[in-house]
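The next block is data26.tsv, given as TSV, C-alpha atoms.
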```tsv
chain	number	residue	atom	x	y	z
A	4	MET	CA	122.13	114.26	69.86
A	5	ASN	CA	124.86	116.21	71.68
A	6	ALA	CA	125.00	118.66	68.77
A	7	LYS	CA	121.26	119.33	69.10
A	8	LEU	CA	121.64	119.78	72.83
A	9	SER	CA	124.58	122.17	72.35
A	10	LYS	CA	122.55	124.26	69.91
A	11	GLN	CA	119.64	124.40	72.35
A	12	ILE	CA	121.97	125.49	75.16
A	13	GLU	CA	123.49	128.20	72.95
A	14	LYS	CA	120.03	129.51	72.01
A	15	LEU	CA	119.01	129.52	75.65
A	16	ASN	CA	122.23	131.30	76.59
A	17	ASP	CA	121.63	133.93	73.87
A	18	ILE	CA	118.15	134.58	75.24
A	19	ILE	CA	119.10	134.64	78.93
A	20	SER	CA	122.42	136.57	78.78
A	21	PRO	CA	120.91	140.00	78.02
A	22	LYS	CA	118.33	139.57	80.77
A	23	LEU	CA	121.02	138.54	83.26
A	24	GLN	CA	123.08	141.62	82.30
A	25	LEU	CA	120.03	143.82	82.89
A	26	LEU	CA	119.44	142.13	86.25
A	27	LYS	CA	123.12	142.65	87.20
A	28	VAL	CA	122.87	146.37	86.35
A	29	LYS	CA	119.72	146.73	88.47
A	30	TRP	CA	121.44	144.85	91.34
A	31	LEU	CA	124.41	147.22	91.27
A	32	GLN	CA	122.06	150.22	91.40
A	33	LEU	CA	120.61	149.01	94.71
A	34	GLN	CA	121.91	150.30	98.03
A	35	PRO	CA	123.78	147.72	100.19
A	36	ARG	CA	120.84	147.52	102.62
A	37	GLU	CA	118.42	146.91	99.73
A	38	GLN	CA	120.75	144.22	98.37
A	39	GLN	CA	120.68	142.51	101.79
A	40	LEU	CA	116.88	142.67	101.92
A	41	VAL	CA	116.53	141.26	98.40
A	42	GLY	CA	119.07	138.53	99.25
A	43	VAL	CA	117.23	137.56	102.45
A	44	MET	CA	113.89	137.61	100.64
A	45	GLY	CA	115.34	135.47	97.82
A	46	ALA	CA	116.78	133.01	100.35
A	47	PHE	CA	113.42	132.88	102.15
A	48	ILE	CA	111.56	132.18	98.90
A	49	ALA	CA	114.13	129.53	97.92
A	50	ILE	CA	113.75	127.82	101.33
A	51	LEU	CA	109.96	128.02	101.05
A	52	VAL	CA	110.00	126.45	97.57
A	53	LEU	CA	112.43	123.77	98.76
A	54	PHE	CA	110.27	123.01	101.81
A	55	THR	CA	107.15	122.79	99.64
A	56	MET	CA	108.88	120.40	97.25
A	57	ILE	CA	110.20	118.20	100.06
A	58	SER	CA	106.85	118.10	101.88
A	59	SER	CA	105.11	117.21	98.61
A	60	ILE	CA	107.56	114.38	98.02
A	61	ILE	CA	107.09	113.09	101.57
A	62	SER	CA	103.31	113.28	101.25
A	63	PHE	CA	103.40	111.50	97.90
A	64	ASN	CA	105.66	108.80	99.35
A	65	ARG	CA	103.35	108.34	102.34
A	66	ASN	CA	100.27	108.08	100.12
A	67	LEU	CA	102.05	105.69	97.78
A	68	SER	CA	103.15	103.52	100.72
A	69	GLN	CA	99.59	103.42	102.02
A	70	HIS	CA	98.29	102.51	98.56
A	71	VAL	CA	100.88	99.73	98.21
A	72	ASN	CA	99.98	98.47	101.69
A	73	ASN	CA	96.28	98.42	100.76
A	74	LEU	CA	97.08	96.54	97.56
A	75	PHE	CA	99.15	94.04	99.55
A	76	LYS	CA	96.27	93.51	102.00
A	77	PHE	CA	93.88	93.06	99.08
A	78	SER	CA	96.29	90.58	97.50
A	79	VAL	CA	96.48	88.56	100.72
A	80	TYR	CA	92.70	88.67	101.08
A	81	SER	CA	92.26	87.60	97.44
A	82	LYS	CA	94.64	84.66	97.90
A	83	GLN	CA	92.79	83.59	101.04
A	84	ALA	CA	89.45	83.89	99.25
A	85	ALA	CA	90.79	81.87	96.31
A	86	ASN	CA	92.06	79.15	98.66
A	87	THR	CA	88.72	79.10	100.49
A	88	TYR	CA	86.89	78.86	97.18
A	89	LYS	CA	89.13	75.99	96.08
A	90	SER	CA	88.54	74.15	99.35
A	91	ILE	CA	84.77	74.72	99.11
A	92	ASN	CA	84.78	73.33	95.57
A	93	LYS	CA	86.41	70.13	96.85
A	94	ILE	CA	83.60	69.50	99.35
A	95	GLU	CA	81.17	66.91	98.15
A	96	ALA	CA	77.51	67.33	98.90
A	97	ASN	CA	77.23	63.79	100.26
A	98	SER	CA	80.06	64.24	102.76
A	99	PHE	CA	77.82	66.03	105.30
A	100	ASN	CA	75.64	64.38	107.89
A	101	GLN	CA	71.90	64.72	107.47
A	102	ALA	CA	70.47	67.00	110.15
A	103	ASN	CA	68.06	65.19	112.45
A	104	LEU	CA	66.40	66.68	115.51
A	105	GLU	CA	68.19	64.64	118.18
A	106	GLN	CA	71.63	65.08	116.67
A	107	VAL	CA	71.15	68.85	116.23
A	108	LYS	CA	69.80	69.18	119.79
A	109	GLY	CA	72.88	67.34	121.04
A	110	ASP	CA	75.19	69.66	119.11
A	111	VAL	CA	73.40	72.79	120.34
A	112	ALA	CA	73.38	71.54	123.95
A	113	GLN	CA	77.08	70.67	123.78
A	114	VAL	CA	78.32	73.86	122.10
A	115	LEU	CA	76.06	76.35	123.91
A	116	LYS	CA	76.08	74.42	127.22
A	117	ILE	CA	72.30	74.48	127.66
A	118	LYS	CA	70.05	71.58	128.72
A	119	ASP	CA	66.98	71.67	126.47
A	120	PRO	CA	67.53	73.79	123.34
A	121	ASP	CA	64.50	75.11	121.44
A	122	ILE	CA	64.84	73.53	117.98
A	123	LEU	CA	62.09	72.88	115.45
A	124	ILE	CA	62.46	70.96	112.18
A	125	GLN	CA	59.46	71.30	109.89
A	126	ASP	CA	58.84	71.51	106.11
A	127	GLY	CA	62.54	71.45	105.20
A	128	GLN	CA	63.37	74.24	107.64
A	129	MET	CA	65.16	74.07	110.95
A	130	THR	CA	64.66	76.87	113.46
A	131	VAL	CA	67.03	77.32	116.40
A	132	ASN	CA	65.99	79.71	119.16
A	133	VAL	CA	68.33	80.42	122.09
A	134	PRO	CA	67.32	83.23	124.46
A	135	ASN	CA	70.69	83.64	126.23
A	136	ALA	CA	74.12	82.44	125.07
A	137	GLU	CA	77.67	83.72	124.72
A	138	PHE	CA	78.29	85.33	121.36
A	139	THR	CA	81.48	83.32	120.79
A	140	GLN	CA	79.58	80.10	121.45
A	141	VAL	CA	76.87	81.12	118.96
A	142	MET	CA	79.57	81.68	116.32
A	143	ALA	CA	81.07	78.28	117.21
A	144	LEU	CA	77.62	76.70	116.79
A	145	LEU	CA	77.21	78.23	113.33
A	146	GLU	CA	80.65	76.89	112.40
A	147	GLN	CA	79.66	73.46	113.79
A	148	PHE	CA	76.53	73.43	111.61
A	149	ARG	CA	78.60	74.40	108.57
A	150	ARG	CA	81.17	71.67	109.18
A	151	SER	CA	78.86	68.87	110.29
A	152	TYR	CA	75.79	69.40	108.14
A	153	GLY	CA	76.94	71.79	105.42
A	154	ILE	CA	74.17	74.23	106.26
A	155	PHE	CA	74.25	77.98	106.51
A	156	PRO	CA	71.54	80.11	108.09
A	157	SER	CA	69.07	81.60	105.64
A	158	GLN	CA	67.96	84.04	108.32
A	159	VAL	CA	69.76	85.08	111.52
A	160	HIS	CA	68.60	87.38	114.27
A	161	ILE	CA	71.10	88.20	117.04
A	162	VAL	CA	70.28	90.69	119.80
A	163	ARG	CA	72.83	91.85	122.38
A	164	GLN	CA	71.83	91.20	125.99
A	165	THR	CA	72.55	93.45	128.97
A	166	ARG	CA	75.23	91.04	130.20
A	167	THR	CA	78.51	91.62	128.36
A	168	GLY	CA	79.23	89.06	125.65
A	169	PHE	CA	75.78	87.46	125.76
A	170	VAL	CA	73.14	87.50	123.02
A	171	SER	CA	69.77	86.06	122.16
A	172	PHE	CA	69.95	84.06	118.96
A	173	ASN	CA	67.34	82.95	116.44
A	174	ALA	CA	68.28	81.32	113.12
A	175	THR	CA	66.50	79.51	110.31
A	176	PHE	CA	68.23	76.93	108.09
A	177	TRP	CA	67.05	75.14	104.95
A	178	ILE	CA	67.78	71.43	105.34
A	179	LYS	CA	67.26	68.25	103.34
A	180	GLN	CA	64.92	65.73	104.91
```
Kindly present the structure from the file in structure tokens form.
Amino acid sequence: MNAKLSKQIEKLNDIISPKLQLLKVKWLQLQPREQQLVGVMGAFIAILVLFTMISSIISFNRNLSQHVNNLFKFSVYSKQAANTYKSINKIEANSFNQANLEQVKGDVAQVLKIKDPDILIQDGQMTVNVPNAEFTQVMALLEQFRRSYGIFPSQVHIVRQTRTGFVSFNATFWIKQ
């Protein structure tokens, strides 16, 4: 392999040597001031090429780091989703309480801190209507329904109120009766 490389270098040297000699002759024909100008211009071009190469490498490294970071976040998210899926698969359908009107009203009153919640259970559907509640409490109520009864809303309507952090909330759930 070294012999092939040596031959290639010799061929390259044979091709380049005459051109370098010609360039040297042209250089010697230039005035000293012209030689300085060509030298400064050559140095400027070399610095410009070097700067372009370095900035390209830095940009590539930055983009690659961002891509790796995104892949890491996706990996973490995927692991969390897989764990959630595994835990959901372990839940048995019979392990949830059956939703009845009084129990649901008690849960809504306790979580949302209201006296007489507007809840209707009819034809396998439960409708919860709350005109004014804190958003965080509404999210806690949805989590409570998921944990206690294993139900998720089939339809949710949340409207922001003028008071910061408060919403009106209307949700419909399919339930077993």
Fill in: Between atom CA of A:Ser171 and atom CA of A:Lys118 - distance in Å to one decimal
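Spanning atom CA of A:Lys118 to atom CA of A:Ser171 is a straight-line distance of 15.9 Å.
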Discussion item. Using Å and a single decimal, report how far atom CA of A:Ala85 sits from atom CA of A:Ser68.
Written reply: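 Separation of atom CA of A:Ser68 and atom CA of A:Ala85: 25.3 Å.
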Output as AutoDock Vina command-line options the centre and edge lengths (Å, one decimal) of the box along x, y and z of the file that holds every listed atom of stretch 15-29 of chain A after adding 8 Å on each side.
```
--center_x 120.6 --center_y 138.1 --center_z 81.2 --size_x 21.0 --size_y 33.2 --size_z 30.6
```
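For A:Gln164, the residues within 10 Å (counting all atoms listed in the file, excluding itself and residues fewer than 2 positions away along the chain) are Pro134, Asn135, Ala136, Glu137, Phe138, Ile161, Val162, Arg166, Thr167, Gly168, Phe169, Val170 and Ser171 of chain A.
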Write the residues you've just listed into a file as an mmCIF file, keeping the file's coordinate frame, and include C-alpha atoms for each of them.
```cif
data_model
loop_
_atom_site.group_PDB
_atom_site.id
_atom_site.type_symbol
_atom_site.label_atom_id
_atom_site.label_comp_id
_atom_site.auth_asym_id
_atom_site.auth_seq_id
_atom_site.Cartn_x
_atom_site.Cartn_y
_atom_site.Cartn_z
ATOM 1 C CA PRO A 134 67.320 83.230 124.460
ATOM 2 C CA ASN A 135 70.690 83.640 126.230
ATOM 3 C CA ALA A 136 74.120 82.440 125.070
ATOM 4 C CA GLU A 137 77.670 83.720 124.720
ATOM 5 C CA PHE A 138 78.290 85.330 121.360
ATOM 6 C CA ILE A 161 71.100 88.200 117.040
ATOM 7 C CA VAL A 162 70.280 90.690 119.800
ATOM 8 C CA ARG A 166 75.230 91.040 130.200
ATOM 9 C CA THR A 167 78.510 91.620 128.360
ATOM 10 C CA GLY A 168 79.230 89.060 125.650
ATOM 11 C CA PHE A 169 75.780 87.460 125.760
ATOM 12 C CA VAL A 170 73.140 87.500 123.020
ATOM 13 C CA SER A 171 69.770 86.060 122.160
#
```
Can you pull out every residue within 7 Å of stretch 127-133 of chain A, counting all atoms listed in the file, but drop anything in the same chain fewer than 4 positions away, and send it as a tab-separated table (two decimals) with C-alpha atoms, in the coordinates of the input?
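Writing done, so here's selection07.tsv:
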```
chain	number	residue	atom	x	y	z
A	120	PRO	CA	67.53	73.79	123.34
A	121	ASP	CA	64.50	75.11	121.44
A	122	ILE	CA	64.84	73.53	117.98
A	123	LEU	CA	62.09	72.88	115.45
A	171	SER	CA	69.77	86.06	122.16
A	172	PHE	CA	69.95	84.06	118.96
A	173	ASN	CA	67.34	82.95	116.44
A	174	ALA	CA	68.28	81.32	113.12
A	175	THR	CA	66.50	79.51	110.31
A	176	PHE	CA	68.23	76.93	108.09
A	177	TRP	CA	67.05	75.14	104.95
A	178	ILE	CA	67.78	71.43	105.34
A	179	LYS	CA	67.26	68.25	103.34
A	180	GLN	CA	64.92	65.73	104.91
```
Worksheet item: Any idea what the distance is between atom CA of A:Leu144 and atom CA of A:Val111?
Response: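 Going from atom CA of A:Leu144 over to atom CA of A:Val111 covers 6.8 Å.
Across A:Met56, A:Ile48, A:Ala102, A:Val79, the tightest approach to A:Arg150 is made by A:Ala102 when counting all atoms listed in the file.
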Kindly write C-alpha atoms of stretch 99-161 of chain A from the structure just given to a file, as a PDB file, in the first residue's frame.
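Result saved to decode_11.pdb:
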```
ATOM      1  CA  PHE A  99     -62.944   1.035  39.781  1.00  0.00           C
ATOM      2  CA  ASN A 100     -65.930   2.194  41.765  1.00  0.00           C
ATOM      3  CA  GLN A 101     -69.219   2.490  39.933  1.00  0.00           C
ATOM      4  CA  ALA A 102     -70.185   6.135  39.519  1.00  0.00           C
ATOM      5  CA  ASN A 103     -73.395   6.993  41.354  1.00  0.00           C
ATOM      6  CA  LEU A 104     -74.905  10.457  41.644  1.00  0.00           C
ATOM      7  CA  GLU A 105     -74.348  11.006  45.371  1.00  0.00           C
ATOM      8  CA  GLN A 106     -70.771   9.781  45.349  1.00  0.00           C
ATOM      9  CA  VAL A 107     -69.872  11.890  42.294  1.00  0.00           C
ATOM     10  CA  LYS A 108     -71.558  14.962  43.812  1.00  0.00           C
ATOM     11  CA  GLY A 109     -69.517  14.420  46.972  1.00  0.00           C
ATOM     12  CA  ASP A 110     -66.287  14.180  44.982  1.00  0.00           C
ATOM     13  CA  VAL A 111     -67.078  17.303  42.945  1.00  0.00           C
ATOM     14  CA  ALA A 112     -68.077  19.264  46.061  1.00  0.00           C
ATOM     15  CA  GLN A 113     -64.916  18.190  47.885  1.00  0.00           C
ATOM     16  CA  VAL A 114     -62.425  18.812  45.061  1.00  0.00           C
ATOM     17  CA  LEU A 115     -63.962  22.013  43.668  1.00  0.00           C
ATOM     18  CA  LYS A 116     -65.107  23.308  47.081  1.00  0.00           C
ATOM     19  CA  ILE A 117     -68.664  24.085  45.969  1.00  0.00           C
ATOM     20  CA  LYS A 118     -71.888  23.283  47.834  1.00  0.00           C
ATOM     21  CA  ASP A 119     -74.361  21.949  45.269  1.00  0.00           C
ATOM     22  CA  PRO A 120     -72.654  20.852  42.031  1.00  0.00           C
ATOM     23  CA  ASP A 121     -74.719  20.558  38.847  1.00  0.00           C
ATOM     24  CA  ILE A 122     -74.405  16.870  37.889  1.00  0.00           C
ATOM     25  CA  LEU A 123     -76.789  14.815  35.775  1.00  0.00           C
ATOM     26  CA  ILE A 124     -76.592  11.051  35.185  1.00  0.00           C
ATOM     27  CA  GLN A 125     -78.912   9.836  32.444  1.00  0.00           C
ATOM     28  CA  ASP A 126     -78.828   7.151  29.716  1.00  0.00           C
ATOM     29  CA  GLY A 127     -75.271   6.032  30.502  1.00  0.00           C
ATOM     30  CA  GLN A 128     -73.937   9.575  30.396  1.00  0.00           C
ATOM     31  CA  MET A 129     -72.839  11.811  33.225  1.00  0.00           C
ATOM     32  CA  THR A 130     -72.742  15.568  32.681  1.00  0.00           C
ATOM     33  CA  VAL A 131     -70.844  17.842  35.059  1.00  0.00           C
ATOM     34  CA  ASN A 132     -71.424  21.591  34.765  1.00  0.00           C
ATOM     35  CA  VAL A 133     -69.470  24.029  36.944  1.00  0.00           C
ATOM     36  CA  PRO A 134     -69.818  27.737  36.117  1.00  0.00           C
ATOM     37  CA  ASN A 135     -66.830  28.994  38.150  1.00  0.00           C
ATOM     38  CA  ALA A 136     -63.869  26.981  39.486  1.00  0.00           C
ATOM     39  CA  GLU A 137     -60.090  27.159  39.641  1.00  0.00           C
ATOM     40  CA  PHE A 138     -58.445  25.545  36.640  1.00  0.00           C
ATOM     41  CA  THR A 139     -56.077  23.493  38.816  1.00  0.00           C
ATOM     42  CA  GLN A 140     -59.040  22.155  40.780  1.00  0.00           C
ATOM     43  CA  VAL A 141     -60.822  21.182  37.546  1.00  0.00           C
ATOM     44  CA  MET A 142     -57.720  19.239  36.467  1.00  0.00           C
ATOM     45  CA  ALA A 143     -57.613  17.601  39.919  1.00  0.00           C
ATOM     46  CA  LEU A 144     -61.288  16.632  39.517  1.00  0.00           C
ATOM     47  CA  LEU A 145     -60.621  15.003  36.142  1.00  0.00           C
ATOM     48  CA  GLU A 146     -57.737  13.081  37.721  1.00  0.00           C
ATOM     49  CA  GLN A 147     -60.032  12.061  40.612  1.00  0.00           C
ATOM     50  CA  PHE A 148     -62.615  10.710  38.149  1.00  0.00           C
ATOM     51  CA  ARG A 149     -59.894   8.784  36.313  1.00  0.00           C
ATOM     52  CA  ARG A 150     -58.528   7.248  39.502  1.00  0.00           C
ATOM     53  CA  SER A 151     -61.793   6.554  41.314  1.00  0.00           C
ATOM     54  CA  TYR A 152     -64.130   5.576  38.496  1.00  0.00           C
ATOM     55  CA  GLY A 153     -61.832   4.895  35.555  1.00  0.00           C
ATOM     56  CA  ILE A 154     -63.704   7.377  33.396  1.00  0.00           C
ATOM     57  CA  PHE A 155     -62.399   9.952  30.988  1.00  0.00           C
ATOM     58  CA  PRO A 156     -64.435  12.802  29.528  1.00  0.00           C
ATOM     59  CA  SER A 157     -65.847  12.139  26.086  1.00  0.00           C
ATOM     60  CA  GLN A 158     -66.460  15.858  25.675  1.00  0.00           C
ATOM     61  CA  VAL A 159     -64.929  18.775  27.601  1.00  0.00           C
ATOM     62  CA  HIS A 160     -65.650  22.461  27.313  1.00  0.00           C
ATOM     63  CA  ILE A 161     -63.481  24.830  29.382  1.00  0.00           C
TER      64      ILE A 161
END
```
